[in-house]
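Below is the file my_file.pdb, which contains PDB, C-alpha atoms.
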ATOM      1  CA  MET A   1     125.438  98.901  84.252
ATOM      2  CA  SER A   2     126.112  95.244  83.626
ATOM      3  CA  GLY A   3     124.272  92.896  85.956
ATOM      4  CA  CYS A   4     121.466  95.403  86.432
ATOM      5  CA  GLY A   5     118.282  93.305  86.468
ATOM      6  CA  VAL A   6     114.634  94.316  86.512
ATOM      7  CA  ARG A   7     114.483  94.446  90.319
ATOM      8  CA  ARG A   8     117.626  96.577  90.669
ATOM      9  CA  CYS A   9     117.012  98.923  87.712
ATOM     10  CA  PRO A  10     113.261  99.304  87.214
ATOM     11  CA  TYR A  11     113.634 102.456  85.105
ATOM     12  CA  LEU A  12     115.729 100.597  82.545
ATOM     13  CA  ALA A  13     113.202  97.778  82.503
ATOM     14  CA  HIS A  14     110.376 100.256  81.909
ATOM     15  CA  ALA A  15     112.311 102.020  79.160
ATOM     16  CA  ALA A  16     112.968  98.691  77.451
ATOM     17  CA  ALA A  17     109.290  97.787  77.844
ATOM     18  CA  ALA A  18     108.232 101.071  76.237
ATOM     19  CA  GLY A  19     110.509 100.458  73.275
ATOM     20  CA  THR A  20     109.213  96.936  72.804
ATOM     21  CA  LEU A  21     105.544  97.853  73.082
ATOM     22  CA  LEU A  22     105.677 101.026  71.019
ATOM     23  CA  GLY A  23     107.982  99.515  68.389
ATOM     24  CA  THR A  24     105.153  98.102  66.296
ATOM     25  CA  PRO A  25     101.748  99.394  65.186
ATOM     26  CA  GLU A  26     100.355  95.849  64.849
ATOM     27  CA  ARG A  27      97.782  94.922  67.509
ATOM     28  CA  GLN A  28      98.699  91.205  67.728
ATOM     29  CA  ARG A  29     102.372  92.029  68.205
ATOM     30  CA  VAL A  30     101.506  94.538  70.932
ATOM     31  CA  LEU A  31      99.430  91.878  72.719
ATOM     32  CA  ALA A  32     102.237  89.314  72.445
ATOM     33  CA  ALA A  33     104.808  91.852  73.666
ATOM     34  CA  THR A  34     102.553  92.768  76.597
ATOM     35  CA  MET A  35     102.382  89.126  77.704
ATOM     36  CA  LEU A  36     106.164  88.695  77.380
ATOM     37  CA  LEU A  37     106.885  91.875  79.288
ATOM     38  CA  ALA A  38     104.380  90.989  82.004
ATOM     39  CA  ARG A  39     106.253  87.716  82.563
ATOM     40  CA  ASP A  40     109.617  89.495  82.519
ATOM     41  CA  LEU A  41     108.615  92.268  84.925
ATOM     42  CA  ILE A  42     106.403  90.509  87.465
ATOM     43  CA  ALA A  43     106.599  86.845  88.407
ATOM     44  CA  ALA A  44     103.128  85.253  88.427
ATOM     45  CA  ASP A  45     101.623  81.896  87.527
ATOM     46  CA  GLY A  46      99.261  83.262  84.899
ATOM     47  CA  TYR A  47      98.495  86.412  82.961
ATOM     48  CA  ALA A  48      95.502  87.649  80.982
ATOM     49  CA  LEU A  49      94.646  90.797  79.122
ATOM     50  CA  TRP A  50      90.901  91.441  79.173
ATOM     51  CA  GLN A  51      89.118  93.887  76.891
ATOM     52  CA  LEU A  52      85.576  95.220  76.812
ATOM     53  CA  GLU A  53      84.171  94.584  73.357
ATOM     54  CA  ARG A  54      81.448  96.890  72.029
ATOM     55  CA  ASN A  55      79.460  94.626  69.685
ATOM     56  CA  PRO A  56      78.205  92.699  71.495
ATOM     57  CA  THR A  57      79.162  94.358  74.748
ATOM     58  CA  ALA A  58      81.138  91.749  76.678
ATOM     59  CA  TRP A  59      84.478  91.274  78.425
ATOM     60  CA  ARG A  60      86.770  88.786  76.705
ATOM     61  CA  THR A  61      90.412  87.790  76.902
ATOM     62  CA  VAL A  62      92.539  88.992  74.011
ATOM     63  CA  ALA A  63      95.784  87.426  75.284
ATOM     64  CA  ALA A  64      96.587  84.983  78.066
ATOM     65  CA  SER A  65      99.307  82.722  79.399
ATOM     66  CA  GLY A  66      99.485  80.237  82.268
ATOM     67  CA  VAL A  67      95.726  79.907  82.873
ATOM     68  CA  SER A  68      93.296  77.544  81.197
ATOM     69  CA  ASP A  69      90.794  78.564  78.543
ATOM     70  CA  ALA A  70      88.053  76.944  80.636
ATOM     71  CA  PHE A  71      88.977  79.202  83.562
ATOM     72  CA  LEU A  72      88.972  82.317  81.387
ATOM     73  CA  ARG A  73      85.545  81.439  79.945
ATOM     74  CA  ALA A  74      84.177  80.700  83.418
ATOM     75  CA  ILE A  75      85.272  83.975  85.013
ATOM     76  CA  ALA A  76      84.241  86.256  82.130
ATOM     77  CA  PRO A  77      81.648  88.631  83.563
ATOM     78  CA  GLU A  78      78.099  87.556  82.696
ATOM     79  CA  ALA A  79      76.615  91.036  82.874
ATOM     80  CA  PRO A  80      79.285  93.295  81.439
ATOM     81  CA  ASP A  81      80.259  96.385  83.367
ATOM     82  CA  PRO A  82      80.622  99.538  81.269
ATOM     83  CA  ALA A  83      84.288  99.777  82.249
ATOM     84  CA  ALA A  84      86.729  98.651  84.902
ATOM     85  CA  PRO A  85      85.380 100.168  88.154
ATOM     86  CA  PHE A  86      88.794 101.467  89.286
ATOM     87  CA  ARG A  87      91.679 103.520  87.886
ATOM     88  CA  GLU A  88      94.643 102.202  89.904
ATOM     89  CA  PRO A  89      96.055  98.656  90.168
ATOM     90  CA  VAL A  90      94.348  96.491  92.784
ATOM     91  CA  PHE A  91      96.118  93.606  94.494
ATOM     92  CA  ILE A  92      93.916  91.018  96.180
ATOM     93  CA  GLU A  93      96.002  88.803  98.444
ATOM     94  CA  ASP A  94      93.157  86.367  99.173
ATOM     95  CA  VAL A  95      90.550  85.995  96.425
ATOM     96  CA  PHE A  96      88.409  83.906  98.787
ATOM     97  CA  ALA A  97      88.110  86.776 101.270
ATOM     98  CA  ALA A  98      87.210  89.402  98.643
ATOM     99  CA  PRO A  99      83.430  89.979  98.560
ATOM    100  CA  THR A 100      83.600  91.302  94.987
ATOM    101  CA  LEU A 101      85.000  87.948  93.814
ATOM    102  CA  ALA A 102      82.601  85.691  95.746
ATOM    103  CA  ASN A 103      80.715  84.701  92.571
ATOM    104  CA  ARG A 104      83.993  83.381  91.078
ATOM    105  CA  ARG A 105      85.099  81.402  94.140
ATOM    106  CA  ASP A 106      84.510  77.945  92.611
ATOM    107  CA  ASP A 107      86.347  78.935  89.436
ATOM    108  CA  TYR A 108      89.340  80.152  91.448
ATOM    109  CA  ILE A 109      89.338  76.894  93.415
ATOM    110  CA  ARG A 110      89.278  74.794  90.210
ATOM    111  CA  GLU A 111      92.154  76.796  88.692
ATOM    112  CA  GLY A 112      94.054  76.976  91.994
ATOM    113  CA  ILE A 113      94.172  80.788  92.053
ATOM    114  CA  HIS A 114      94.668  82.429  95.471
ATOM    115  CA  SER A 115      95.882  85.977  94.723
ATOM    116  CA  VAL A 116      95.462  88.414  91.815
ATOM    117  CA  LEU A 117      96.824  91.744  90.678
ATOM    118  CA  VAL A 118      94.362  93.598  88.451
ATOM    119  CA  VAL A 119      95.692  96.530  86.442
ATOM    120  CA  PRO A 120      93.135  98.749  84.670
ATOM    121  CA  MET A 121      94.121 100.020  81.235
ATOM    122  CA  THR A 122      92.670 103.265  79.920
ATOM    123  CA  ILE A 123      92.173 103.191  76.176
ATOM    124  CA  ARG A 124      90.714 106.244  74.473
ATOM    125  CA  GLY A 125      89.778 107.776  77.809
ATOM    126  CA  ALA A 126      87.940 104.774  79.286
ATOM    127  CA  ALA A 127      89.179 101.896  81.458
ATOM    128  CA  THR A 128      88.029  99.257  78.994
ATOM    129  CA  SER A 129      90.870  96.781  79.430
ATOM    130  CA  THR A 130      92.625  95.078  82.323
ATOM    131  CA  LEU A 131      95.900  93.231  82.672
ATOM    132  CA  VAL A 132      95.545  90.532  85.332
ATOM    133  CA  PHE A 133      98.313  88.604  87.094
ATOM    134  CA  TYR A 134      97.192  85.301  88.687
ATOM    135  CA  TYR A 135      98.956  83.575  91.599
ATOM    136  CA  ARG A 136      98.401  79.942  92.608
ATOM    137  CA  GLN A 137      99.697  80.530  96.120
ATOM    138  CA  ARG A 138      98.428  83.181  98.474
ATOM    139  CA  ARG A 139     101.078  85.832  98.711
ATOM    140  CA  SER A 140     101.772  89.443  99.422
ATOM    141  CA  LEU A 141     103.077  91.620  96.629
ATOM    142  CA  PRO A 142     105.741  94.306  97.031
ATOM    143  CA  ALA A 143     104.538  97.842  96.262
ATOM    144  CA  GLU A 144     107.127  98.124  93.487
ATOM    145  CA  ASP A 145     105.560  95.135  91.689
ATOM    146  CA  VAL A 146     102.140  96.793  91.891
ATOM    147  CA  GLN A 147     103.700 100.002  90.525
ATOM    148  CA  ALA A 148     105.503  98.099  87.775
ATOM    149  CA  GLY A 149     102.211  96.447  86.829
ATOM    150  CA  GLY A 150     100.570  99.868  86.649
ATOM    151  CA  ALA A 151     103.378 101.231  84.490
ATOM    152  CA  LEU A 152     103.178  98.235  82.161
ATOM    153  CA  GLY A 153      99.397  98.646  81.948
ATOM    154  CA  SER A 154      99.812 102.312  80.977
ATOM    155  CA  LEU A 155     102.426 101.488  78.349
ATOM    156  CA  ALA A 156     100.354  98.646  76.931
ATOM    157  CA  ALA A 157      97.262 100.868  76.799
ATOM    158  CA  ALA A 158      99.203 103.524  74.888
ATOM    159  CA  ALA A 159     100.581 100.918  72.485
ATOM    160  CA  LEU A 160      97.134  99.371  71.908
ATOM    161  CA  THR A 161      95.620 102.807  71.321
ATOM    162  CA  THR A 162      98.366 103.549  68.796
ATOM    163  CA  ALA A 163      97.845 100.185  67.062
ATOM    164  CA  ASP A 164      94.072 100.766  66.872
ATOM    165  CA  LEU A 165      94.558 104.271  65.444
ATOM    166  CA  TYR A 166      97.079 102.932  62.931
ATOM    167  CA  ALA A 167      94.617 100.235  61.806
ATOM    168  CA  GLU A 168      91.877 102.860  61.413
ATOM    169  CA  GLN A 169      94.236 105.043  59.396
ATOM    170  CA  GLN A 170      95.098 102.099  57.129
ATOM    171  CA  ARG A 171      91.395 101.333  56.564
ATOM    172  CA  ASP A 172      90.703 104.995  55.781
ATOM    173  CA  LYS A 173      93.617 105.101  53.348
ATOM    174  CA  GLU A 174      92.358 102.002  51.549
ATOM    175  CA  ARG A 175      88.833 103.425  51.398
ATOM    176  CA  TRP A 176      90.054 106.746  49.974
ATOM    177  CA  GLU A 177      92.216 104.946  47.416
ATOM    178  CA  PHE A 178      89.238 102.845  46.367
ATOM    179  CA  LEU A 179      87.013 105.922  46.093
ATOM    180  CA  GLY A 180      89.701 107.717  44.073
ATOM    181  CA  LYS A 181      89.920 104.803  41.632
ATOM    182  CA  ALA A 182      86.133 104.497  41.466
ATOM    183  CA  SER A 183      85.686 108.213  40.712
ATOM    184  CA  THR A 184      88.335 108.023  37.958
ATOM    185  CA  ALA A 185      86.508 105.068  36.400
ATOM    186  CA  LEU A 186      83.222 106.967  36.397
TER     187      LEU A 186
END

Any chance you could put this one into structure tokens?
Amino acid sequence: MSGCGVRRCPYLAHAAAAGTLLGTPERQRVLAATMLLARDLIAADGYALWQLERNPTAWRTVAASGVSDAFLRAIAPEAPDPAAPFREPVFIEDVFAAPTLANRRDDYIREGIHSVLVVPMTIRGAATSTLVFYYRQRRSLPAEDVQAGGALGSLAAAALTTADLYAEQQRDKERWEFLGKASTAL
């Protein structure tokens, strides 16, 4: 299948993405791989992975590319929602016509953003992360790009869940080893 690119062979692209994302249990590598794969799969001007943090409860970016830090700080929700309010990818062709984004209008103008694709990511049963694609020109988006974004979001969510569980397992192992050594010393 030589010459088979992402657009012509989306299943191969998704299989390669799964291997890349699930190939490491390290959270930072998963985040970096997610950003690289987002750029490879769907052309956009900027990308950001947002995550709902528990303590304190707030949305923050955990990885981003192609958008300014000032923009990301400005559009972070002031009153955090408990989770992303949708389960399927949402493409907004004109951010200035979307009532739900009216409070971010000035920030979109400053950054030059006209369209966005927002992909919810379900981690541990809750949509507590989103992968967002930012476009500096108003545009339509083919359905296959929206589907590819959804598939990437699902893969990234699975990889992040795995990385988080691996980190918890490592902490538990270290704690049990410490307790074992402490009990031997006593």

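Listed by chain and then by number, the residues chosen by the PyMOL selection byres ((chain A and resi 114) around 6) in this file are A:Asp94, A:Val95, A:Ile113, A:Ser115, A:Tyr135, A:Arg136, A:Gln137, A:Arg138.
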
Writing out the chosen residues with C-alpha atoms as a PDB file, in the frame of the given file:
ATOM      1  CA  ASP A  94      93.157  86.367  99.173  1.00  0.00           C
ATOM      2  CA  VAL A  95      90.550  85.995  96.425  1.00  0.00           C
ATOM      3  CA  ILE A 113      94.172  80.788  92.053  1.00  0.00           C
ATOM      4  CA  SER A 115      95.882  85.977  94.723  1.00  0.00           C
ATOM      5  CA  TYR A 135      98.956  83.575  91.599  1.00  0.00           C
ATOM      6  CA  ARG A 136      98.401  79.942  92.608  1.00  0.00           C
ATOM      7  CA  GLN A 137      99.697  80.530  96.120  1.00  0.00           C
ATOM      8  CA  ARG A 138      98.428  83.181  98.474  1.00  0.00           C
TER       9      ARG A 138
END

Item to check | the PyMOL selection byres ((chain A and resi 150) around 10) resolved against shown file, as an MDAnalysis selection string | outcome: chainID A and resid 87:90 117:121 131 144:149 151:156

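When atom CA of A:Leu36 is paired with atom CA of A:Val67, their separation reads 14.7 Å.
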
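Note that the spacing between atom CA of A:Ala159 and atom CA of A:Pro25 amounts to 7.5 Å.
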
Checklist entry - What does the PyMOL selection byres ((chain A and resi 124-129) around 12) select in this file, as a ChimeraX atom specification? => result /A:31,48-54,57-63,80-89,118-123,130-132,153-154,156-165

Could you write out that same residue set with C-alpha atoms as a compact mmCIF listing (two decimals), keeping the file's coordinate frame?
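Now in part.txt:
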# COMPACT_ATOMS: atom_id res chain seq x y z
CA LEU A 31 99.43 91.88 72.72
CA ALA A 48 95.50 87.65 80.98
CA LEU A 49 94.65 90.80 79.12
CA TRP A 50 90.90 91.44 79.17
CA GLN A 51 89.12 93.89 76.89
CA LEU A 52 85.58 95.22 76.81
CA GLU A 53 84.17 94.58 73.36
CA ARG A 54 81.45 96.89 72.03
CA THR A 57 79.16 94.36 74.75
CA ALA A 58 81.14 91.75 76.68
CA TRP A 59 84.48 91.27 78.42
CA ARG A 60 86.77 88.79 76.70
CA THR A 61 90.41 87.79 76.90
CA VAL A 62 92.54 88.99 74.01
CA ALA A 63 95.78 87.43 75.28
CA PRO A 80 79.28 93.30 81.44
CA ASP A 81 80.26 96.38 83.37
CA PRO A 82 80.62 99.54 81.27
CA ALA A 83 84.29 99.78 82.25
CA ALA A 84 86.73 98.65 84.90
CA PRO A 85 85.38 100.17 88.15
CA PHE A 86 88.79 101.47 89.29
CA ARG A 87 91.68 103.52 87.89
CA GLU A 88 94.64 102.20 89.90
CA PRO A 89 96.06 98.66 90.17
CA VAL A 118 94.36 93.60 88.45
CA VAL A 119 95.69 96.53 86.44
CA PRO A 120 93.14 98.75 84.67
CA MET A 121 94.12 100.02 81.24
CA THR A 122 92.67 103.26 79.92
CA ILE A 123 92.17 103.19 76.18
CA THR A 130 92.62 95.08 82.32
CA LEU A 131 95.90 93.23 82.67
CA VAL A 132 95.54 90.53 85.33
CA GLY A 153 99.40 98.65 81.95
CA SER A 154 99.81 102.31 80.98
CA ALA A 156 100.35 98.65 76.93
CA ALA A 157 97.26 100.87 76.80
CA ALA A 158 99.20 103.52 74.89
CA ALA A 159 100.58 100.92 72.48
CA LEU A 160 97.13 99.37 71.91
CA THR A 161 95.62 102.81 71.32
CA THR A 162 98.37 103.55 68.80
CA ALA A 163 97.84 100.18 67.06
CA ASP A 164 94.07 100.77 66.87
CA LEU A 165 94.56 104.27 65.44

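The neighbours of stretch 41-43 of chain A here are the residues that come within 7 Å of it, using all atoms listed in the file and leaving out any residue fewer than 2 positions away in the same chain; they are A:Val6, A:Leu37, A:Ala38, A:Arg39, A:Asp145.
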
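Distances to A:Ala102 were evaluated for A:Arg29, A:Ile75, A:Leu21, A:Ala143 using only C-alpha atoms, and the minimum falls at A:Ile75.
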
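Pairwise distance (atom CA of A:Asp69, atom CA of A:Ala44) equals 17.2 Å.
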
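Counting only C-alpha atoms, the residue from A:Arg139, A:Ala98, A:Arg110, A:Val116 that sits nearest to A:Tyr47 is A:Val116.
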
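Here the question is which of A:Phe71, A:Gly19, A:Ser65, A:Tyr108 gets nearest to A:Ala32 using only C-alpha atoms, and that residue is A:Ser65.
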
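When all atoms listed in the file are used to measure the gap to A:Glu111, the shortest distance among A:Ala76, A:Pro99, A:Gly66, A:Glu93 belongs to A:Gly66.
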
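Of the listed residues A:Thr24, A:Asp45, A:Phe133, A:Val30, the one whose atoms come nearest to A:Ile92 is A:Phe133, with distances taken using all atoms listed in the file.
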
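Among A:Ser68, A:Phe91, A:Gln28, A:Met35, the residue with the shortest atom-to-atom distance to A:Pro142, counting only C-alpha atoms, is A:Phe91.
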